[in-house]
Amino acid sequence: MLENDINKLKGKTAVVGLAESGCGLANGWNAMEIMANSVHDALDDAGIKLNEVDGVFAATAFHSMAAMSLSEYLGLKPKFADSTQIGGSSFLSHVLTAAMALDAGLINVAVIAYGSNQKSAGGFKTISEAMPYEAQYQPRMPVTAYALSAKRYMHEFGATREDLANVAVSARDWALLNPRAYTHKDGPLTVEKVLSARPIVDPLGKLDCCLVTDGGAAIVMTRSDRAKDTKNTPIYLLGAAMEHHHRMISEMPDLVRTSALESGKRAFEMSGYKPSDMDTIQLYDAFTINTLLFLEDLGFCSKGEAKELVKNNNIGPSGNLKVNTNGGGLSCVHPGMYGLFVTLEALRQLRNSSGDDVGQRLDGGWIDNAKLSVAHGNGGVLSSQVTNIWGVSETI
Amino acid sequence: MPENLEGTIGPEQQFKNFLLEGKFMIQRSKSLNQFFFHPRVAFPGSGERDLEWVQVSGYGTVYSTSCNRRLPEKGGDFNLSLITLDEGPRMMARVEGINPDEVEIGQKVKARISDLNGELAIIFDVIKG
């Protein structure tokens with residue numbers, strides 16, 4: 001039997017187009033329309049025609065068979081489709097599946113898409129079934145799950161609500177530099193503001209929680225040989241890995257250790273790079289506790305030390321770690337499932353530093369000479385963890 | 001298991017039926033001599049099917065806790081915790097009898113079966129030291 005070579009996919013595929021649509025408020029648009037706008041805009045960005053798309057990947061909280069509904073709406077007959085629904089991390093797993101399908105020659109052009117009008121349609125939207133053995137206690141999911149993790153984290157490592165608040169403050173500082181961010185004009189946050197915000201599920205208050213917005217996004221992937229001929233700078237997939245060990249928070253083996261320990265390790269191994277090589281770090285920050293957990297589990301510091309790492313705005317624009325440079329789910333955009341926006345920011349930073357026009361930022365909003373980005377997706381209640389490593393051509 | 005399940009019930013319904021009898025029962029693999037929760041058709045991870053139902057002591061420890069804020073007219077704030085049973089497994093439950101924000105990690109608790117929104121549920125009370 002041949003030895004399994006996990007590095008086989010490194011650099012074999014690339015994203016050649018990306019777009020977002022309707023982020024913030026999109027009154028008068030439905031989720032499918034927002035998602036389809038994103039796909040067409042991403043294809044325009046790539047300079048690839050719609051009828052060349054033969055792989056369709058999508059997940060939403062509005063469509064039980066998202067890839068099929070999207071294909072029909074676009075008028076496509078894909079040779080491969082994937083609606084894998086593992087929460088907000090779905091799109092980062094779609095990246096892995098798309099890379100495999102492209103590398104295997106099953107398809108030539110993949111689109112990965114998301115769309116949501118949850119905010120204008122009334123608020124947080126889910127199609128999750130009730131969790132057996134939990135639902136009768138009426139947890140306020142997903143907030144309760146993250147609050148339970150945060151409480152345990154504070155207990156084990158002596159962290160405080162101030163430590164959590166530091167994450168929200170830095171995220172906002174990034175958003176102030178990003179005209180695309182929903183809170184771009186809302187002014188800075190302070191630790192005091194975060195602590196005095198309305199309590200939702202102790203120890204998490206309103207400003208420890210992500211935004212609720214509308215929005216859609218799409219990326220276009222193809223094989224690296226084809227990518228060289230597209231009109232923008234291709235950004236190459238260097239590593240990708242996933243893992244999950246629970247669906248319900250009551251089944252999480254350890255509330256302060258996520259499967260990112262495994263997804264991160266394998267994704268970095270595939271890429272041949274280590275956490276300290278990353279020029280930008282894009283983490284799925286649905287809640288402030290996420291950023292602390294993922295910085296640790298992905299290997300940017302030891303377990304329990306992230307609370308020190310995020311002090312003094314060290315993950316903000318003036319800090320050493322360029323974390324969630326769009327403002328994150330906390331301050332940029334969060335239309336229910338944020339995974340594709342994590343990916344978008346990882347890619348945009350690399351394209352900007354390669355000379356592509358991917359929008360304007362205030363001074364310090366773009367990371368100079370960024371060549372490597374990690375995008376990390378979280379799904380469910382700290383359940384599914386998927387890590388993607390992206391790089392410019394010279395990093396392959 | 002026989003292919004035909006007609007006339008039998010699954011673990012979830014068995015668990016609920018025990019509650020109706022006033023018993024808090026969880027499953028254990030005889031060969032592993034290990035408990036697990038929630039109820040399943042086989043031991044999670046390794047698949048042992050030599051399962052038996054055992055009445056637990058009802059004693060446990062708060063593993064983590066949260067105070068869920070809710071408007072007074074909708075019932076007010078309530079506690080939601082994860083409890084590690086003395087037998088090993090962990091479960092979600094509410095701790096009642098003290099203010100919902102005064103439950104602390106590490107507190108010893110004792111289970112009772114109680115009505116919660118028209119359904120029987122395991123509720124824990126803090127054991128007064």
# chains A, B, ... in the order shown; residues from 1 in each chain; ligands from 1
>>> residues_around(residues="A:Ser116", least_positions_apart="5", cutoff="9 Å", atoms="only C-alpha atoms", output="list in words")
Gly22, Cys23, Asn30, Ala31, Met32, Ile34, Met35, Thr60, Ala61, Phe62, Lys125, Thr213, Asp214, Gly215, Gly216, Pro335, Gly336 and Met337 of chain A
>>> select_by_dssp(residues="chain B", states="strand (DSSP E or B)", output="VMD selection string")
chain B and resid 25 to 29 34 to 36 51 to 55 59 to 68 78 to 85 90 to 96 108 to 116 119 to 126
>>> write_last_selection(atoms="C-alpha atoms", output="CSV table (one decimal), in the first residue's frame")
chain,number,residue,atom,x,y,z
B,25,MET,CA,-30.7,5.9,34.6
B,26,ILE,CA,-27.7,6.0,32.3
B,27,GLN,CA,-26.0,3.4,30.3
B,28,ARG,CA,-22.8,1.4,31.0
B,29,SER,CA,-20.8,-1.0,28.9
B,34,GLN,CA,-17.6,2.6,31.9
B,35,PHE,CA,-20.7,4.9,31.9
B,36,PHE,CA,-21.6,7.3,29.1
B,51,LEU,CA,-25.0,-2.1,27.5
B,52,GLU,CA,-27.0,-2.0,30.7
B,53,TRP,CA,-29.0,0.7,32.4
B,54,VAL,CA,-27.8,1.7,35.8
B,55,GLN,CA,-29.4,4.1,38.3
B,59,TYR,CA,-24.3,13.4,42.6
B,60,GLY,CA,-22.2,15.5,40.4
B,61,THR,CA,-19.9,18.6,40.1
B,62,VAL,CA,-20.4,21.8,38.2
B,63,TYR,CA,-18.0,21.7,35.2
B,64,SER,CA,-19.1,25.1,33.8
B,65,THR,CA,-22.0,27.4,34.3
B,66,SER,CA,-23.8,30.4,32.7
B,67,CYS,CA,-26.5,32.8,33.7
B,68,ASN,CA,-28.9,33.3,30.8
B,78,PHE,CA,-32.0,31.2,34.5
B,79,ASN,CA,-29.0,29.0,35.1
B,80,LEU,CA,-27.6,26.6,32.5
B,81,SER,CA,-24.7,24.4,33.5
B,82,LEU,CA,-22.7,21.5,32.5
B,83,ILE,CA,-22.5,18.9,35.2
B,84,THR,CA,-20.0,16.1,35.5
B,85,LEU,CA,-21.7,13.2,37.2
B,90,ARG,CA,-21.2,15.0,31.6
B,91,MET,CA,-24.6,16.5,30.8
B,92,MET,CA,-26.3,19.8,30.4
B,93,ALA,CA,-28.8,20.8,33.1
B,94,ARG,CA,-30.1,23.7,35.2
B,95,VAL,CA,-28.9,24.3,38.7
B,96,GLU,CA,-31.8,25.7,40.7
B,108,LYS,CA,-21.3,19.7,44.4
B,109,VAL,CA,-24.8,19.2,43.2
B,110,LYS,CA,-27.5,16.5,43.5
B,111,ALA,CA,-30.0,15.6,40.8
B,112,ARG,CA,-33.8,15.5,41.0
B,113,ILE,CA,-36.4,14.7,38.4
B,114,SER,CA,-38.6,17.7,37.9
B,115,ASP,CA,-41.1,19.1,35.5
B,116,LEU,CA,-39.6,21.7,33.1
B,119,GLU,CA,-41.6,17.7,30.3
B,120,LEU,CA,-39.6,15.7,32.8
B,121,ALA,CA,-36.0,16.9,33.2
B,122,ILE,CA,-33.0,16.4,35.4
B,123,ILE,CA,-32.5,19.4,37.6
B,124,PHE,CA,-29.7,19.9,40.0
B,125,ASP,CA,-29.6,21.5,43.5
B,126,VAL,CA,-26.5,22.7,45.2
>>> closest_atom_pairs(of="chain A", to="chain B", cutoff="12 Å", atoms="only C-alpha atoms", output="tab-separated table")
residue	atom	partner	partner_atom	distance
A:Met131	CA	B:Met92	CA	10.9
A:Pro132	CA	B:His38	CA	8.7
A:Tyr133	CA	B:His38	CA	7.1
A:Glu134	CA	B:Met92	CA	6.0
A:Ala135	CA	B:Met92	CA	9.4
A:Gln136	CA	B:Leu116	CA	7.3
A:Tyr137	CA	B:Ala93	CA	6.4
A:Gln138	CA	B:Leu80	CA	8.5
A:Pro139	CA	B:Leu80	CA	6.9
A:Arg140	CA	B:Asn68	CA	7.3
A:Met141	CA	B:Asn68	CA	10.5
A:Pro142	CA	B:Asn68	CA	11.8
A:Val143	CA	B:Asn68	CA	9.1
A:Thr144	CA	B:Ser66	CA	6.9
A:Ala145	CA	B:Ser66	CA	8.8
A:Tyr146	CA	B:Ser66	CA	9.6
A:Ala147	CA	B:Ser66	CA	6.3
A:Leu148	CA	B:Ser64	CA	5.6
A:Ser149	CA	B:Ser64	CA	7.4
A:Ala150	CA	B:Ser64	CA	9.0
A:Lys151	CA	B:Ser64	CA	6.4
A:Arg152	CA	B:Ser64	CA	5.5
A:Tyr153	CA	B:Ser64	CA	9.3
A:Met154	CA	B:Ser64	CA	10.2
A:His155	CA	B:Ile105	CA	7.6
A:Glu156	CA	B:Ile105	CA	9.9
A:Arg198	CA	B:Arg69	CA	9.4
A:Pro199	CA	B:Arg69	CA	6.8
A:Ile200	CA	B:Arg69	CA	5.5
A:Val201	CA	B:Asn68	CA	4.4
A:Asp202	CA	B:Cys67	CA	5.1
A:Pro203	CA	B:Ser66	CA	7.0
A:Leu204	CA	B:Ser66	CA	9.1
A:Gly205	CA	B:Arg69	CA	9.9
A:Lys206	CA	B:Arg69	CA	11.3
A:His245	CA	B:Gly45	CA	10.4
A:His246	CA	B:Pro44	CA	11.3
A:Met248	CA	B:Met92	CA	9.6
A:Ile249	CA	B:Met92	CA	8.3
A:Ser250	CA	B:Met91	CA	5.5
A:Glu251	CA	B:Arg90	CA	7.4
A:Met252	CA	B:Arg90	CA	9.2
A:Pro253	CA	B:Arg90	CA	9.0
A:Asp254	CA	B:Tyr63	CA	9.9
A:Leu255	CA	B:Ser64	CA	8.5
A:Val256	CA	B:Ser64	CA	10.8
>>> write_last_selection(atoms="C-alpha atoms", output="mmCIF file, in the first residue's frame")
data_model
loop_
_atom_site.group_PDB
_atom_site.id
_atom_site.type_symbol
_atom_site.label_atom_id
_atom_site.label_comp_id
_atom_site.auth_asym_id
_atom_site.auth_seq_id
_atom_site.Cartn_x
_atom_site.Cartn_y
_atom_site.Cartn_z
ATOM 1 C CA MET A 131 -30.422 19.222 20.294
ATOM 2 C CA PRO A 132 -31.579 16.120 22.174
ATOM 3 C CA TYR A 133 -30.835 16.199 25.929
ATOM 4 C CA GLU A 134 -30.168 19.952 25.719
ATOM 5 C CA ALA A 135 -33.168 21.673 24.130
ATOM 6 C CA GLN A 136 -35.487 21.137 27.075
ATOM 7 C CA TYR A 137 -33.254 23.376 29.199
ATOM 8 C CA GLN A 138 -33.739 26.164 26.625
ATOM 9 C CA PRO A 139 -30.126 27.248 26.128
ATOM 10 C CA ARG A 140 -29.800 30.448 24.092
ATOM 11 C CA MET A 141 -27.779 28.863 21.330
ATOM 12 C CA PRO A 142 -25.231 29.505 20.234
ATOM 13 C CA VAL A 143 -24.417 32.134 22.912
ATOM 14 C CA THR A 144 -24.883 29.825 25.905
ATOM 15 C CA ALA A 145 -22.360 27.326 24.546
ATOM 16 C CA TYR A 146 -19.657 29.950 24.103
ATOM 17 C CA ALA A 147 -20.460 31.435 27.522
ATOM 18 C CA LEU A 148 -19.925 27.999 29.097
ATOM 19 C CA SER A 149 -16.555 27.751 27.365
ATOM 20 C CA ALA A 150 -15.594 31.290 28.383
ATOM 21 C CA LYS A 151 -16.555 30.658 31.996
ATOM 22 C CA ARG A 152 -14.461 27.492 32.100
ATOM 23 C CA TYR A 153 -11.552 29.287 30.400
ATOM 24 C CA MET A 154 -11.659 32.035 33.013
ATOM 25 C CA HIS A 155 -11.756 29.417 35.764
ATOM 26 C CA GLU A 156 -8.838 27.344 34.470
ATOM 27 C CA ARG A 198 -25.962 44.528 28.001
ATOM 28 C CA PRO A 199 -25.337 41.052 29.465
ATOM 29 C CA ILE A 200 -26.574 38.264 27.189
ATOM 30 C CA VAL A 201 -25.367 35.030 28.765
ATOM 31 C CA ASP A 202 -22.840 35.656 31.543
ATOM 32 C CA PRO A 203 -19.933 36.013 31.178
ATOM 33 C CA LEU A 204 -20.636 37.252 27.634
ATOM 34 C CA GLY A 205 -22.180 40.647 26.998
ATOM 35 C CA LYS A 206 -23.489 42.079 23.753
ATOM 36 C CA HIS A 245 -15.336 15.919 17.969
ATOM 37 C CA HIS A 246 -18.808 17.030 19.020
ATOM 38 C CA MET A 248 -23.552 19.606 21.207
ATOM 39 C CA ILE A 249 -21.659 21.681 23.746
ATOM 40 C CA SER A 250 -22.508 19.094 26.447
ATOM 41 C CA GLU A 251 -20.470 16.562 24.424
ATOM 42 C CA MET A 252 -17.364 18.746 24.025
ATOM 43 C CA PRO A 253 -14.593 16.721 25.686
ATOM 44 C CA ASP A 254 -12.767 19.779 27.062
ATOM 45 C CA LEU A 255 -14.400 23.218 26.954
ATOM 46 C CA VAL A 256 -11.086 25.031 26.542
#
>>> closest_residue(among="A:Pro78, A:Gly264, A:Gly105, A:Gly122", to="A:Ala26", atoms="only C-alpha atoms")
A:Gly122
>>> residues_around(residues="A:Ala171", least_positions_apart="2", cutoff="10 Å", atoms="only C-alpha atoms", output="list in words")
Ala165, Asn166, Val167, Ala168, Val169, Asp173, Trp174, Ala175, Leu176, Pro188, Leu189, Asp285, Thr288, Asn313, Ile315, Gly316, Pro317, Val323, Asn324, Thr325, Asn326, Gly327, Gly328, Gly329, Leu330, Ser331 and Cys332 of chain A
>>> select_by_dssp(residues="chain B", states="alpha helix (DSSP H)", output="number ranges by chain")
B: 11-20
>>> closest_residue(among="A:Asp225, A:Glu33, A:Asp45, A:Asp186", to="A:Ser69", atoms="only C-alpha atoms")
A:Glu33
>>> atom_distance(atom1="atom CA of A:Phe268", atom2="atom CA of A:Ala113")
24.7 Å
>>> decode(residues="stretch 98-112 of chain B", atoms="N, CA and C atoms", output="PDB file, in the first residue's frame")
ATOM      1  N   ILE B  98     -30.648  28.418  43.929  1.00  0.00           N
ATOM      2  CA  ILE B  98     -29.880  29.618  44.273  1.00  0.00           C
ATOM      3  C   ILE B  98     -29.950  30.549  43.056  1.00  0.00           C
ATOM      4  N   ASN B  99     -29.510  31.781  43.232  1.00  0.00           N
ATOM      5  CA  ASN B  99     -29.567  32.714  42.113  1.00  0.00           C
ATOM      6  C   ASN B  99     -28.786  32.160  40.930  1.00  0.00           C
ATOM      7  N   PRO B 100     -29.322  32.344  39.726  1.00  0.00           N
ATOM      8  CA  PRO B 100     -28.684  31.726  38.549  1.00  0.00           C
ATOM      9  C   PRO B 100     -27.250  32.188  38.314  1.00  0.00           C
ATOM     10  N   ASP B 101     -26.883  33.362  38.814  1.00  0.00           N
ATOM     11  CA  ASP B 101     -25.505  33.831  38.607  1.00  0.00           C
ATOM     12  C   ASP B 101     -24.610  33.508  39.793  1.00  0.00           C
ATOM     13  N   GLU B 102     -25.125  32.732  40.742  1.00  0.00           N
ATOM     14  CA  GLU B 102     -24.303  32.380  41.908  1.00  0.00           C
ATOM     15  C   GLU B 102     -23.819  30.938  41.877  1.00  0.00           C
ATOM     16  N   VAL B 103     -24.163  30.227  40.821  1.00  0.00           N
ATOM     17  CA  VAL B 103     -23.649  28.868  40.663  1.00  0.00           C
ATOM     18  C   VAL B 103     -22.176  28.977  40.298  1.00  0.00           C
ATOM     19  N   GLU B 104     -21.357  28.133  40.904  1.00  0.00           N
ATOM     20  CA  GLU B 104     -19.917  28.223  40.666  1.00  0.00           C
ATOM     21  C   GLU B 104     -19.337  26.884  40.213  1.00  0.00           C
ATOM     22  N   ILE B 105     -18.321  26.984  39.376  1.00  0.00           N
ATOM     23  CA  ILE B 105     -17.594  25.792  38.932  1.00  0.00           C
ATOM     24  C   ILE B 105     -17.019  25.084  40.160  1.00  0.00           C
ATOM     25  N   GLY B 106     -17.184  23.775  40.188  1.00  0.00           N
ATOM     26  CA  GLY B 106     -16.646  22.993  41.304  1.00  0.00           C
ATOM     27  C   GLY B 106     -17.659  22.700  42.393  1.00  0.00           C
ATOM     28  N   GLN B 107     -18.808  23.389  42.368  1.00  0.00           N
ATOM     29  CA  GLN B 107     -19.831  23.127  43.382  1.00  0.00           C
ATOM     30  C   GLN B 107     -20.379  21.708  43.226  1.00  0.00           C
ATOM     31  N   LYS B 108     -20.639  21.070  44.373  1.00  0.00           N
ATOM     32  CA  LYS B 108     -21.251  19.740  44.367  1.00  0.00           C
ATOM     33  C   LYS B 108     -22.764  19.902  44.250  1.00  0.00           C
ATOM     34  N   VAL B 109     -23.342  19.069  43.399  1.00  0.00           N
ATOM     35  CA  VAL B 109     -24.786  19.175  43.163  1.00  0.00           C
ATOM     36  C   VAL B 109     -25.431  17.790  43.217  1.00  0.00           C
ATOM     37  N   LYS B 110     -26.754  17.796  43.402  1.00  0.00           N
ATOM     38  CA  LYS B 110     -27.517  16.539  43.483  1.00  0.00           C
ATOM     39  C   LYS B 110     -28.725  16.655  42.564  1.00  0.00           C
ATOM     40  N   ALA B 111     -28.964  15.594  41.814  1.00  0.00           N
ATOM     41  CA  ALA B 111     -30.030  15.596  40.815  1.00  0.00           C
ATOM     42  C   ALA B 111     -31.390  15.292  41.413  1.00  0.00           C
ATOM     43  N   ARG B 112     -32.399  15.894  40.808  1.00  0.00           N
ATOM     44  CA  ARG B 112     -33.780  15.461  41.043  1.00  0.00           C
ATOM     45  C   ARG B 112     -34.495  15.493  39.705  1.00  0.00           C
TER      46      ARG B 112
END
